[in-house]
Amino acid sequence: MTKARAVPMPSNSVLAPLYAGADLLDAFAIRLPAHASDEVEVLARAALERQAWWVRALTRARDVVMAPVGVKSSRAVGLAAAARGPVIGFFPVQSKSATELVVGEDDRHLDFRVTIQIRADAANGRELVAGTVVHCHNQLGRIYLATISPFHRVIMRASLERAVRAMKI
């Protein structure tokens with residue numbers, strides 16, 4: 001099976017101006033099957049929707065633990081975002097081009113953005129890249145980020161791998 005791997009943040013992303021001073025900055029890439037869609041939104045949905053059971057369980061746990069400190073639940077984020085425009089999973093779509101789609105949300109503790117890009121790689125053909133940028137606003141944001149960062153990295157890799165597996169069916 002094709003595995004997702006850590007890569008540098010895409011230098012051509014619309015998020016590049018946010019890289020400086022980020023509290024979290026990471027990116028992962030995976031080789032796309034030859035028959036995979038050319039539509040970045042289709043690929044973003046494959047990566048970010050229909051998560052594995054354990055990712056859904058972690059998200060529910062996060063929602064329960066963070067509710068007492070006033071952090072928006074994933075459901076609340078998704079419902080509010082859907083009232084304003086398109087969403088992928090529960091993530092509001094911030095921007096979209098032919099090769100890049102950005103989702104993200106601003107909250108009182110931190111702002112996050114995830115870029116999903118299709119890019120050509122001479123060695124690997126086409127690949128799907130997911131990069132994350134987070135800026136914390138306060139101590140709650142820093143504690144939250146320190147707690148979820150290890151899970152985030154596992155989830156992003158697993159989401160890319162699950163998306164590619166789904167494309168092979």
# chains A, B, ... in the order shown; residues from 1 in each chain; ligands from 1
call {"tool": "select_by_dssp", "arguments": {"residues": "segment 131-169 of chain A", "states": "alpha helix (DSSP H)", "output": "list in words"}}
result
Gln139, Leu140, Gly141, Arg142, Ile143, Tyr144, Leu145, Ala146, Thr147, Ile148, Ser149, Pro150, Phe151, His152, Arg153, Val154, Ile155, Met156, Arg157, Ala158, Ser159, Leu160, Glu161, Arg162, Ala163, Val164, Arg165, Ala166 and Met167 of chain A
call {"tool": "residues_around", "arguments": {"residues": "Arg157 of chain A", "least_positions_apart": "4", "cutoff": "7 Å", "atoms": "only C-alpha atoms", "output": "PyMOL selection string"}}
result
chain A and resi 4+28+153+161
call {"tool": "residues_around", "arguments": {"residues": "Asp63 of chain A", "least_positions_apart": "6", "cutoff": "12 Å", "atoms": "only C-alpha atoms", "output": "PyMOL selection string"}}
result
chain A and resi 56-57+69-77+144
call {"tool": "residues_around", "arguments": {"residues": "Val133 of chain A", "least_positions_apart": "3", "cutoff": "6 Å", "atoms": "only C-alpha atoms", "output": "PyMOL selection string"}}
result
chain A and resi 24-25+112-113
call {"tool": "closest_atom_pairs", "arguments": {"of": "segment 119-159 of chain A", "to": "segment 5-12 of chain A", "cutoff": "9 Å", "atoms": "only C-alpha atoms", "output": "JSON lines"}}
result
{"residue": "A:Val129", "atom": "CA", "partner": "A:Pro10", "partner_atom": "CA", "distance": 8.1}
{"residue": "A:Ala130", "atom": "CA", "partner": "A:Met9", "partner_atom": "CA", "distance": 8.6}
{"residue": "A:Gly131", "atom": "CA", "partner": "A:Met9", "partner_atom": "CA", "distance": 6.1}
{"residue": "A:Thr132", "atom": "CA", "partner": "A:Met9", "partner_atom": "CA", "distance": 8.2}
{"residue": "A:Arg157", "atom": "CA", "partner": "A:Arg5", "partner_atom": "CA", "distance": 7.2}
call {"tool": "residues_around", "arguments": {"residues": "segment 85-89 of chain A", "least_positions_apart": "3", "cutoff": "12 Å", "atoms": "only C-alpha atoms", "output": "MDAnalysis selection string"}}
result
chainID A and resid 40:51 56 59 74:75 77:82 92:96 101:105 114 116
call {"tool": "select_by_dssp", "arguments": {"residues": "segment 101-136 of chain A", "states": "strand (DSSP E)", "output": "NGL selection string"}}
result
:A and (101-106 or 110-121 or 125-136)
call {"tool": "closest_residue", "arguments": {"among": "A:Arg165, A:Arg62, A:Arg126, A:Arg108", "to": "Gln139 of chain A", "atoms": "only C-alpha atoms"}}
result
A:Arg108
call {"tool": "closest_residue", "arguments": {"among": "A:Val134, A:Ala98, A:Ile148, A:Ala29", "to": "Ala61 of chain A", "atoms": "only C-alpha atoms"}}
result
A:Ile148
call {"tool": "closest_residue", "arguments": {"among": "A:His137, A:His152, A:Arg31, A:Arg142", "to": "Ile118 of chain A", "atoms": "only C-alpha atoms"}}
result
A:Arg31
call {"tool": "closest_residue", "arguments": {"among": "A:Val55, A:Leu140, A:Met156, A:Val64", "to": "Asp26 of chain A", "atoms": "only C-alpha atoms"}}
result
A:Met156
call {"tool": "closest_residue", "arguments": {"among": "A:Ala34, A:Ala27, A:Ile155, A:Leu15", "to": "Met167 of chain A", "atoms": "only C-alpha atoms"}}
result
A:Ala34
call {"tool": "closest_residue", "arguments": {"among": "A:Ser37, A:Asn138, A:Thr147, A:Ser13", "to": "His109 of chain A", "atoms": "only C-alpha atoms"}}
result
A:Asn138
call {"tool": "atom_distance", "arguments": {"atom1": "atom CA of Leu32 of chain A", "atom2": "atom CA of Glu127 of chain A"}}
result
4.9 Å
